[in-house]
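First up is the structure itself, then whatever we jot down about it.
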Amino acid sequence: MNRLAVAEKVSPQSTGRRTARAAHLTRARMAMTLSTLAAALVVIASVATAFGSVHISLLRAVADHASPDYAILIGVRIPRVLMGAAVGAVLAAAGVALQALVRNPLAEGGILGISGGGAFGAIVAMVLCSRLPGVDELVPLAAFAAALISTGAVYRLAQLEGRLEPFTLLLVGVIFNAFWGAAIMLVNSVVNFYFTHSIIFWLMGSFEAPTYREVAMVATLGCAGFIFLMWHARDMNILSLGDGEAIELGVDVDGVRRAIFIATSVMIGAAVSVSGIISFVGLIVPHVLRIAFGADHRLLLPASLLAGAAFTVAADLLARTAIAPAELPVGAITALCGGPFFIYVLRHEGRRALIR
Amino acid sequence: MMAVKTGAELAVRVVDLVAGYGEQPVLHRIALTVAPGEMLAVVGPNGAGKSTLLRVLSGALQPRAGTVELFGRPLATYDRRALARSLATVAQENSVAFQFSVMEIVLMGRAPHLGPFHLESPHDLAIAEAALRRFDLVELAGRPIDELSGGERKRVFLARALAQEPRVILLDEPTAFLDMRHAAEIFACFRSLREEDGLSVVATLHDLNAAALYADRILMLKDGATAGYGAAEEVFTAERLREVYEVEVQVGRNPATGTIVVYPGVGTSRLPRP
C-alpha cells in the first residue's frame with residue numbers, strides 16, 4: 001500500500017523529466033553530448049597523469065628529459081593512463097553491443113564467459129610456461145586466444161538450428177563464466193604459492209606496467225571492433241524490437257548478431273589479455289548513459305567509448321593513490337564503486353525494472 | 001462483377017499456396033488477390049491459419065508450394081531491404097527491449113531507406129511526423145514507449161509501419177487491444193490511406209462485423225483451407241458461419257449502413273465431424 005503511494009508520487013515527476021529529453025537523435029545533440037564527454041575524459045586523464053603513487057613535477061619532466069620525473073611520466077604514467085582509457089573504452093562499448101545482441105541490459109563480457117576464458121588462458125600459460133624465455137610475451141597471446149576459443153564455444157553451443165538465440169546465448173555464457181571461475185580456482189589450489197599474486201592480478205584486473213606496444217594492440221583491435229559496431233548501430237536499435245520486426249525492417253538479424261559477437265569477442269579478448277578481468281565497466285557505463293542520453297545506439301556506442309575510458313582512468317587513479325605506495329586492484333575499485341552506484345541508479349531511476 | 005486483373009496490376013497475388021511448419025502443412029491451396037487500395041480481411045476461428053498466412057505474405061515463412069507475388073514479382077526474389085520498402089507488417093504484440101521514445105520507434109521505420117552511419121534527414125523526419133499526426137501521436141513523440149497504454153503503443157507501431165512508406169501493409173489483429181472508438185479511428189485512417197495513396201491492406205480480424213464494415217473482401221479460413229472468399233454478403237451466411245465457427249449465429253443488416261452484421265446466437269452447434 002505504502003509503496004504504491006510512493007510510486008504514484010514519483011511517476012508524474014519522472015515522466016516530466018523524460019518528456020524533456022529530445023524525442024530523437026540529431027546531429028547537434030550528438031556533437032554536444034560527445035564533446036562534453038570528450039572534455040571530461042581529457043580533464044580526468046590529465047589529472048590521472050599528474051598524480052600517482054609518487055609525486056612528480058610535470059614542469060621538470062617537460063624541461064629536463066634526464067630527470068626521473070620524465071622517466072616516470074613517459075615510462076609509467078602515460079602508458080598506464082592510455083591503457084586504462086583504451087581498456088575502459090573497449091569494455092564499455094562492447095558492453096553496449098552485447099546488451100543489444102541479447103536484448104538484455106545485464107549482458108557484458110564477463111557474463112558471456114569471454115573474460116573468464118581469457119583469464120584462464122593467461123593463468124594456464126603463466127603456470128605451464130613459467131620457465132620458458134619470453135613468457136611475458138606469451139601470456140597476453142594465450143589470454144587472447146583463450147578468450148576467442150571460449151567465445152567460439154559459447155557461440156557454437158548457443159546456436160539452435162543455425163540461429164543464435166539471445167536467451168540461450170546468455171545462459172550458455174553464464175555457465176561458461178562459472179566454469180572458468182572454477183577452473184581458475186582449481187589451478188590456484190594446485191600451483192606454487194608464488195603464482196597466487198599473478199592469479200589475483202588476472203582475476204581482479206590491473207594496469208600495472210603496461211608497454212606502449214600493448215596499448216597500441218588494444219587500441220588498434222578496439223578501434224577496428226568499434227567501427228564494425230558503429231556500422232551496425234542502427235541495426236542494434238532495430239534488434240530491440242525483436243527478431244521478427246527486425247527481419248521485416250530489412251535487417252539481416254543472424255548476420256548482425258554474428259558480426260556483433262565476433263567484434264565484441266575480439267575487443268574484450270584484447271582488453272583481458274593485457275589487464276585481466278575488470279568487471280562492471282561494461283555494465284554500469286552503458287546503463288547510466290542509457291538513462292542520461294536515451295537508447296539510440298548511434299549515440300550510445302561512441303558515448304560509452306568516452307565515458308568508459310573516463311570511468312576506468314578515474315578508477316585506476318583511485319587504485320594507485322588510495323593506499324600509496326601500495327596499490328589496489330583496479331577491478332576491485334570498479335566493482336566496489338560500481339556495485340553500490342549501480343544499485344543507487346536503479347533505485348532512483350524509479351519504477352522501471354531492469355528486465356521486463 | 002469484378003474485372004479479372006493481371007498479376008502486374010495486383011498488389012498481392014497468391015495461387016495454390018501450401019505452407020506450414022515441420023511435417024504438417026497449416027495452409028492448403030489458398031488463393032487470393034489484393035488490388036492497390038483494397039482491403040482484405042482474413043477471418044476464421046483460432047488456429048485456422050490466419051497468422052501463418054500473414055507470415056507467408058510478409059516473407060517470414062517460405063511457402064511449400066504455390067505462388068506468392070507482390071506487384072507481379074515473386075516475393076522470394078525481393079531482398080529484405082527492398083521488401084521492407086514495399087511491405088510493412090504490424091504484429092499482434094510488440095515488445096521493446098530498451099527505453100526508446102515514440103519518435104525513435106517511428107523513425108526506425110525509415111531504416112530500410114537509409115544506409116549505415118546515416119542519421120535521418122529532414123525528409124525522413126517529415127515522413128515520421130506525418131505518420132505521428134496520422135495516428136494522433138504528436139503529443140507523445142518524446143515519451144518513452146514503455147510508459148504508454150496498450151492502445152497508444154499499438155498506434156506507435158502502426159505509425160512505424162507507415163513510416164516505411166509501404167504499398168502493402170499486413171496487420172495482425174490491429175484492433176485486438178483497442179476500445180471501440182480507437183478501433184474505428186484506425187480503420188478510418190486506413191480507409192483514407194487506401195483512397196489517397198492506394199495502400200493495400202491485409203488484416204486478420206476476429207471481429208466479423210468490423211470485417212464486413214471495412215474490408216472490400218473477406219477470406220474465411222477453417223483448418224487451413226478456404227471456407228469462403230468474396231464480399232461479406234457472400235461469405236457471411238448464417239449456415240456457413242455455423243459450420244466454420246461451430247456456434248449459433250444470426251446474420252442481419254446494419255440499418256444505418258446496410259452492411260452485414262453477425263449476431264452470436266445461443267449455445268454451440270457442434271456438427272458431426274467426418
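Following the order of the C-alpha cells, chains are lettered A, B, ..., residues in each are numbered from 1, and ligands are numbered from 1.
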Distance cut-off 8 Å, counting only C-alpha atoms - which residues of chain B neighbour chain A? Return them as a PDB file with N, CA and C atoms, in the first residue's frame.
```pdb
ATOM      1  N   SER B  58       4.350 -11.877 -45.514  1.00  0.00           N
ATOM      2  CA  SER B  58       5.413 -10.953 -45.106  1.00  0.00           C
ATOM      3  C   SER B  58       6.793 -11.468 -45.511  1.00  0.00           C
ATOM      4  N   ALA B  60       8.273 -13.959 -44.058  1.00  0.00           N
ATOM      5  CA  ALA B  60       8.945 -14.582 -42.912  1.00  0.00           C
ATOM      6  C   ALA B  60       8.923 -16.102 -43.013  1.00  0.00           C
ATOM      7  N   ARG B  80      15.602  -8.375 -48.610  1.00  0.00           N
ATOM      8  CA  ARG B  80      14.853  -7.994 -47.414  1.00  0.00           C
ATOM      9  C   ARG B  80      14.629  -6.488 -47.327  1.00  0.00           C
ATOM     10  N   ARG B  81      15.663  -5.719 -47.638  1.00  0.00           N
ATOM     11  CA  ARG B  81      15.522  -4.266 -47.503  1.00  0.00           C
ATOM     12  C   ARG B  81      14.556  -3.710 -48.551  1.00  0.00           C
ATOM     13  N   ALA B  82      14.647  -4.230 -49.776  1.00  0.00           N
ATOM     14  CA  ALA B  82      13.730  -3.770 -50.824  1.00  0.00           C
ATOM     15  C   ALA B  82      12.300  -4.130 -50.446  1.00  0.00           C
ATOM     16  N   LEU B  83      12.128  -5.333 -49.903  1.00  0.00           N
ATOM     17  CA  LEU B  83      10.799  -5.771 -49.490  1.00  0.00           C
ATOM     18  C   LEU B  83      10.250  -4.840 -48.411  1.00  0.00           C
ATOM     19  N   ALA B  84      11.129  -4.441 -47.463  1.00  0.00           N
ATOM     20  CA  ALA B  84      10.686  -3.573 -46.366  1.00  0.00           C
ATOM     21  C   ALA B  84      10.283  -2.186 -46.862  1.00  0.00           C
ATOM     22  N   ALA B  88       4.944  -3.549 -45.193  1.00  0.00           N
ATOM     23  CA  ALA B  88       5.162  -3.388 -43.756  1.00  0.00           C
ATOM     24  C   ALA B  88       4.227  -4.311 -43.002  1.00  0.00           C
ATOM     25  N   THR B  89       4.658  -4.759 -41.853  1.00  0.00           N
ATOM     26  CA  THR B  89       3.859  -5.679 -41.046  1.00  0.00           C
ATOM     27  C   THR B  89       3.712  -5.109 -39.642  1.00  0.00           C
ATOM     28  N   ALA B  91       2.738  -6.588 -36.039  1.00  0.00           N
ATOM     29  CA  ALA B  91       2.423  -7.816 -35.316  1.00  0.00           C
ATOM     30  C   ALA B  91       1.337  -7.560 -34.280  1.00  0.00           C
ATOM     31  N   ASN B  94       3.881  -6.252 -29.499  1.00  0.00           N
ATOM     32  CA  ASN B  94       5.229  -5.747 -29.721  1.00  0.00           C
ATOM     33  C   ASN B  94       5.899  -5.519 -28.381  1.00  0.00           C
ATOM     34  N   SER B  95       7.115  -6.030 -28.234  1.00  0.00           N
ATOM     35  CA  SER B  95       7.882  -5.701 -27.037  1.00  0.00           C
ATOM     36  C   SER B  95       9.136  -4.965 -27.482  1.00  0.00           C
ATOM     37  N   VAL B  96       9.576  -4.025 -26.668  1.00  0.00           N
ATOM     38  CA  VAL B  96      10.770  -3.251 -26.988  1.00  0.00           C
ATOM     39  C   VAL B  96      11.747  -3.437 -25.841  1.00  0.00           C
ATOM     40  N   ALA B  97      13.004  -3.788 -26.175  1.00  0.00           N
ATOM     41  CA  ALA B  97      13.955  -4.155 -25.119  1.00  0.00           C
ATOM     42  C   ALA B  97      14.459  -2.950 -24.335  1.00  0.00           C
ATOM     43  N   PHE B  98      14.692  -1.824 -24.968  1.00  0.00           N
ATOM     44  CA  PHE B  98      15.239  -0.684 -24.249  1.00  0.00           C
ATOM     45  C   PHE B  98      14.262   0.479 -24.328  1.00  0.00           C
ATOM     46  N   GLN B  99      14.561   1.538 -23.580  1.00  0.00           N
ATOM     47  CA  GLN B  99      13.577   2.594 -23.445  1.00  0.00           C
ATOM     48  C   GLN B  99      13.707   3.619 -24.577  1.00  0.00           C
ATOM     49  N   PHE B 100      13.178   3.292 -25.723  1.00  0.00           N
ATOM     50  CA  PHE B 100      13.182   4.219 -26.850  1.00  0.00           C
ATOM     51  C   PHE B 100      11.989   5.155 -26.759  1.00  0.00           C
ATOM     52  N   SER B 101      12.138   6.354 -27.318  1.00  0.00           N
ATOM     53  CA  SER B 101      10.998   7.272 -27.369  1.00  0.00           C
ATOM     54  C   SER B 101      10.101   6.893 -28.538  1.00  0.00           C
ATOM     55  N   VAL B 102       8.868   7.414 -28.486  1.00  0.00           N
ATOM     56  CA  VAL B 102       7.900   7.140 -29.546  1.00  0.00           C
ATOM     57  C   VAL B 102       8.475   7.540 -30.905  1.00  0.00           C
ATOM     58  N   MET B 103       9.072   8.738 -30.960  1.00  0.00           N
ATOM     59  CA  MET B 103       9.625   9.222 -32.226  1.00  0.00           C
ATOM     60  C   MET B 103      10.743   8.305 -32.715  1.00  0.00           C
ATOM     61  N   GLU B 104      11.576   7.830 -31.785  1.00  0.00           N
ATOM     62  CA  GLU B 104      12.672   6.936 -32.186  1.00  0.00           C
ATOM     63  C   GLU B 104      12.129   5.644 -32.801  1.00  0.00           C
ATOM     64  N   MET B 108      12.452   4.297 -36.756  1.00  0.00           N
ATOM     65  CA  MET B 108      13.030   3.011 -37.152  1.00  0.00           C
ATOM     66  C   MET B 108      12.386   2.511 -38.438  1.00  0.00           C
ATOM     67  N   GLY B 109      11.155   2.953 -38.716  1.00  0.00           N
ATOM     68  CA  GLY B 109      10.510   2.599 -39.976  1.00  0.00           C
ATOM     69  C   GLY B 109      11.262   3.126 -41.185  1.00  0.00           C
ATOM     70  N   ALA B 111      14.469   2.883 -41.542  1.00  0.00           N
ATOM     71  CA  ALA B 111      15.712   2.115 -41.686  1.00  0.00           C
ATOM     72  C   ALA B 111      15.893   1.500 -43.077  1.00  0.00           C
ATOM     73  N   PRO B 112      14.852   0.892 -43.665  1.00  0.00           N
ATOM     74  CA  PRO B 112      15.094   0.288 -44.989  1.00  0.00           C
ATOM     75  C   PRO B 112      15.444   1.308 -46.076  1.00  0.00           C
ATOM     76  N   PRO B 116      24.124   2.515 -43.634  1.00  0.00           N
ATOM     77  CA  PRO B 116      24.792   2.582 -42.337  1.00  0.00           C
ATOM     78  C   PRO B 116      25.411   3.968 -42.121  1.00  0.00           C
ATOM     79  N   PHE B 117      25.568   4.352 -40.864  1.00  0.00           N
ATOM     80  CA  PHE B 117      26.155   5.638 -40.435  1.00  0.00           C
ATOM     81  C   PHE B 117      25.248   6.843 -40.718  1.00  0.00           C
ATOM     82  N   LEU B 119      22.277   9.449 -40.320  1.00  0.00           N
ATOM     83  CA  LEU B 119      21.218   9.953 -39.449  1.00  0.00           C
ATOM     84  C   LEU B 119      20.021  10.266 -40.348  1.00  0.00           C
ATOM     85  N   ALA B 141       5.322  12.177 -28.853  1.00  0.00           N
ATOM     86  CA  ALA B 141       6.560  11.899 -29.596  1.00  0.00           C
ATOM     87  C   ALA B 141       7.771  11.693 -28.696  1.00  0.00           C
ATOM     88  N   GLY B 142       7.877  12.479 -27.617  1.00  0.00           N
ATOM     89  CA  GLY B 142       9.064  12.382 -26.763  1.00  0.00           C
ATOM     90  C   GLY B 142       8.938  11.386 -25.631  1.00  0.00           C
ATOM     91  N   ARG B 143       7.775  10.755 -25.501  1.00  0.00           N
ATOM     92  CA  ARG B 143       7.548   9.853 -24.362  1.00  0.00           C
ATOM     93  C   ARG B 143       8.222   8.510 -24.578  1.00  0.00           C
ATOM     94  N   PRO B 144       8.761   7.906 -23.500  1.00  0.00           N
ATOM     95  CA  PRO B 144       9.308   6.550 -23.641  1.00  0.00           C
ATOM     96  C   PRO B 144       8.180   5.560 -23.938  1.00  0.00           C
TER      97      PRO B 144
END
```
Long-range neighbours of segment 178-182 of chain A as a list in words, 7 Å cut-off, only C-alpha atoms, 2 positions minimum in chain: Gly116, Gly117, Phe120, Val174, Ile175, Phe176, Ile184, Met185 and Leu186 of chain A
Store the residues picked out above in a file with C-alpha atoms, as a short mmCIF file (atom, residue, chain, number, x, y, z; two decimals), in the first residue's frame.
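Output (result_32.cif):
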```cif
data_model
loop_
_atom_site.label_atom_id
_atom_site.label_comp_id
_atom_site.auth_asym_id
_atom_site.auth_seq_id
_atom_site.Cartn_x
_atom_site.Cartn_y
_atom_site.Cartn_z
CA GLY A 116 36.78 -15.70 -17.78
CA GLY A 117 38.12 -17.71 -20.70
CA PHE A 120 42.03 -18.85 -17.56
CA VAL A 174 26.75 -17.55 -17.64
CA ILE A 175 27.56 -21.26 -17.38
CA PHE A 176 30.91 -20.76 -19.11
CA ILE A 184 40.93 -20.82 -12.22
CA MET A 185 40.33 -21.68 -8.57
CA LEU A 186 41.35 -25.26 -9.27
#
```
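Using only C-alpha atoms, the contacts of Ala188 of chain B at a cut-off of 12 Å, with sequence neighbours closer than 3 positions omitted, comprise Arg134, Phe135, Arg181, His182, Ala183, Ala184, Glu185, Arg191, Ser192, Leu193, Arg194, Glu195, Ala210, Leu213, Tyr214 and Ala215 of chain B.
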Kindly save the residues from that selection, with C-alpha atoms included, as an mmCIF file, in the first residue's frame.
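result32.cif, written as the output of this step:
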```
data_model
loop_
_atom_site.group_PDB
_atom_site.id
_atom_site.type_symbol
_atom_site.label_atom_id
_atom_site.label_comp_id
_atom_site.auth_asym_id
_atom_site.auth_seq_id
_atom_site.Cartn_x
_atom_site.Cartn_y
_atom_site.Cartn_z
ATOM 1 C CA ARG B 134 -1.977 10.356 -38.836
ATOM 2 C CA PHE B 135 -2.286 8.292 -35.638
ATOM 3 C CA ARG B 181 -13.522 4.497 -30.651
ATOM 4 C CA HIS B 182 -9.835 3.849 -31.275
ATOM 5 C CA ALA B 183 -10.615 0.806 -33.386
ATOM 6 C CA ALA B 184 -12.974 2.855 -35.550
ATOM 7 C CA GLU B 185 -10.380 5.628 -35.842
ATOM 8 C CA ARG B 191 -9.534 3.802 -45.340
ATOM 9 C CA SER B 192 -8.201 7.269 -46.143
ATOM 10 C CA LEU B 193 -4.703 5.875 -46.769
ATOM 11 C CA ARG B 194 -6.216 3.376 -49.181
ATOM 12 C CA GLU B 195 -8.174 6.050 -51.013
ATOM 13 C CA ALA B 210 -15.607 -4.838 -38.463
ATOM 14 C CA LEU B 213 -17.899 -2.938 -42.463
ATOM 15 C CA TYR B 214 -14.379 -2.026 -43.560
ATOM 16 C CA ALA B 215 -12.989 -4.724 -45.871
#
```
Every residue of segment 18-204 of chain B that DSSP places in alpha helix (DSSP H), as a ChimeraX atom specification: /B:50-57,80-86,102-108,122-134,150-163,180-197
Leu59 of chain A surroundings by only C-alpha atoms, 10 Å radius, close-in-sequence under 3 positions cut, as number ranges by chain: A: 56, 62-64, 69-70
Residue contacts of Phe51 of chain A (12 Å, only C-alpha atoms) excluding same-chain residues fewer than 3 positions away, as a list of chain:residue names: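 Listing them by chain and then by number gives A:Ile44, A:Ala45, A:Ser46, A:Val47, A:Ala48, A:Val54, A:His55, A:Ile56, A:Ser57, A:Leu58, A:Asp69, A:Ile72, A:Leu73, A:Val76, A:Arg77, A:Ile78, A:Arg80, A:Val81, A:Val313, A:Ala314, A:Asp316, A:Leu317, A:Leu318, A:Ala319, A:Arg320, A:Thr321, A:Ala322, A:Ala324.
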Hey, can you spit out that residue selection with C-alpha atoms as a PDB file, in the first residue's frame?
```pdb
ATOM      1  CA  ILE A  44      40.289  13.151 -15.919  1.00  0.00           C
ATOM      2  CA  ALA A  45      43.196  11.807 -17.988  1.00  0.00           C
ATOM      3  CA  SER A  46      45.220  14.962 -17.236  1.00  0.00           C
ATOM      4  CA  VAL A  47      44.612  14.654 -13.518  1.00  0.00           C
ATOM      5  CA  ALA A  48      45.474  10.945 -13.676  1.00  0.00           C
ATOM      6  CA  VAL A  54      54.956   9.052  -6.410  1.00  0.00           C
ATOM      7  CA  HIS A  55      54.843  12.833  -6.639  1.00  0.00           C
ATOM      8  CA  ILE A  56      56.353  14.141  -9.858  1.00  0.00           C
ATOM      9  CA  SER A  57      56.654  17.623 -11.296  1.00  0.00           C
ATOM     10  CA  LEU A  58      55.257  17.856 -14.807  1.00  0.00           C
ATOM     11  CA  ASP A  69      60.190  12.856 -13.395  1.00  0.00           C
ATOM     12  CA  ILE A  72      58.180   8.214 -14.641  1.00  0.00           C
ATOM     13  CA  LEU A  73      55.921  10.371 -16.826  1.00  0.00           C
ATOM     14  CA  VAL A  76      54.932   4.704 -16.306  1.00  0.00           C
ATOM     15  CA  ARG A  77      52.201   7.341 -16.050  1.00  0.00           C
ATOM     16  CA  ILE A  78      51.302   7.967 -19.669  1.00  0.00           C
ATOM     17  CA  ARG A  80      49.173   3.468 -17.752  1.00  0.00           C
ATOM     18  CA  VAL A  81      46.592   6.223 -18.336  1.00  0.00           C
ATOM     19  CA  VAL A 313      41.033   6.079 -15.758  1.00  0.00           C
ATOM     20  CA  ALA A 314      39.391   7.603 -12.672  1.00  0.00           C
ATOM     21  CA  ASP A 316      42.718   3.444 -11.754  1.00  0.00           C
ATOM     22  CA  LEU A 317      43.754   6.811 -10.308  1.00  0.00           C
ATOM     23  CA  LEU A 318      41.980   5.813  -7.108  1.00  0.00           C
ATOM     24  CA  ALA A 319      43.606   2.362  -7.231  1.00  0.00           C
ATOM     25  CA  ARG A 320      47.077   3.934  -7.474  1.00  0.00           C
ATOM     26  CA  THR A 321      46.668   6.684  -4.904  1.00  0.00           C
ATOM     27  CA  ALA A 322      44.249   5.420  -2.230  1.00  0.00           C
ATOM     28  CA  ALA A 324      50.007   4.674  -1.987  1.00  0.00           C
TER      29      ALA A 324
END
```
Segment 239-245 of chain B environment, 10 Å, only C-alpha atoms, sequence neighbours closer than 2 positions dropped, as a list in words: Gly44, Pro45, Asn46, Ala48, Met220, Leu221, Lys222, Asp223, Ala227, Gly228, Glu234, Val235, Phe236, Thr237, Val247, Glu248, Val249, Gln250, Val251, Val262, Pro264, Gly265, Thr268, Ser269, Arg270 and Leu271 of chain B
May I have the residues within 6 Å of segment 152-160 of chain B as an mmCIF file with N, CA and C atoms, in the first residue's frame, using only C-alpha atoms and disregarding those fewer than 4 positions away in the same chain?
```cif
data_model
loop_
_atom_site.group_PDB
_atom_site.id
_atom_site.type_symbol
_atom_site.label_atom_id
_atom_site.label_comp_id
_atom_site.auth_asym_id
_atom_site.auth_seq_id
_atom_site.Cartn_x
_atom_site.Cartn_y
_atom_site.Cartn_z
ATOM 1 N N VAL B 106 9.194 5.262 -34.288
ATOM 2 C CA VAL B 106 8.589 5.557 -35.598
ATOM 3 C C VAL B 106 9.696 5.760 -36.634
ATOM 4 N N GLY B 109 11.155 2.953 -38.716
ATOM 5 C CA GLY B 109 10.510 2.599 -39.976
ATOM 6 C C GLY B 109 11.262 3.126 -41.185
ATOM 7 N N ALA B 131 3.374 10.485 -40.078
ATOM 8 C CA ALA B 131 2.832 9.230 -39.531
ATOM 9 C C ALA B 131 2.325 9.455 -38.101
ATOM 10 N N LEU B 148 3.511 4.084 -22.255
ATOM 11 C CA LEU B 148 2.250 4.296 -22.958
ATOM 12 C C LEU B 148 1.240 3.190 -22.626
#
```
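Atom to atom, atom CA of Gly150 of chain B and atom CA of Leu171 of chain B stand 16.0 Å apart.
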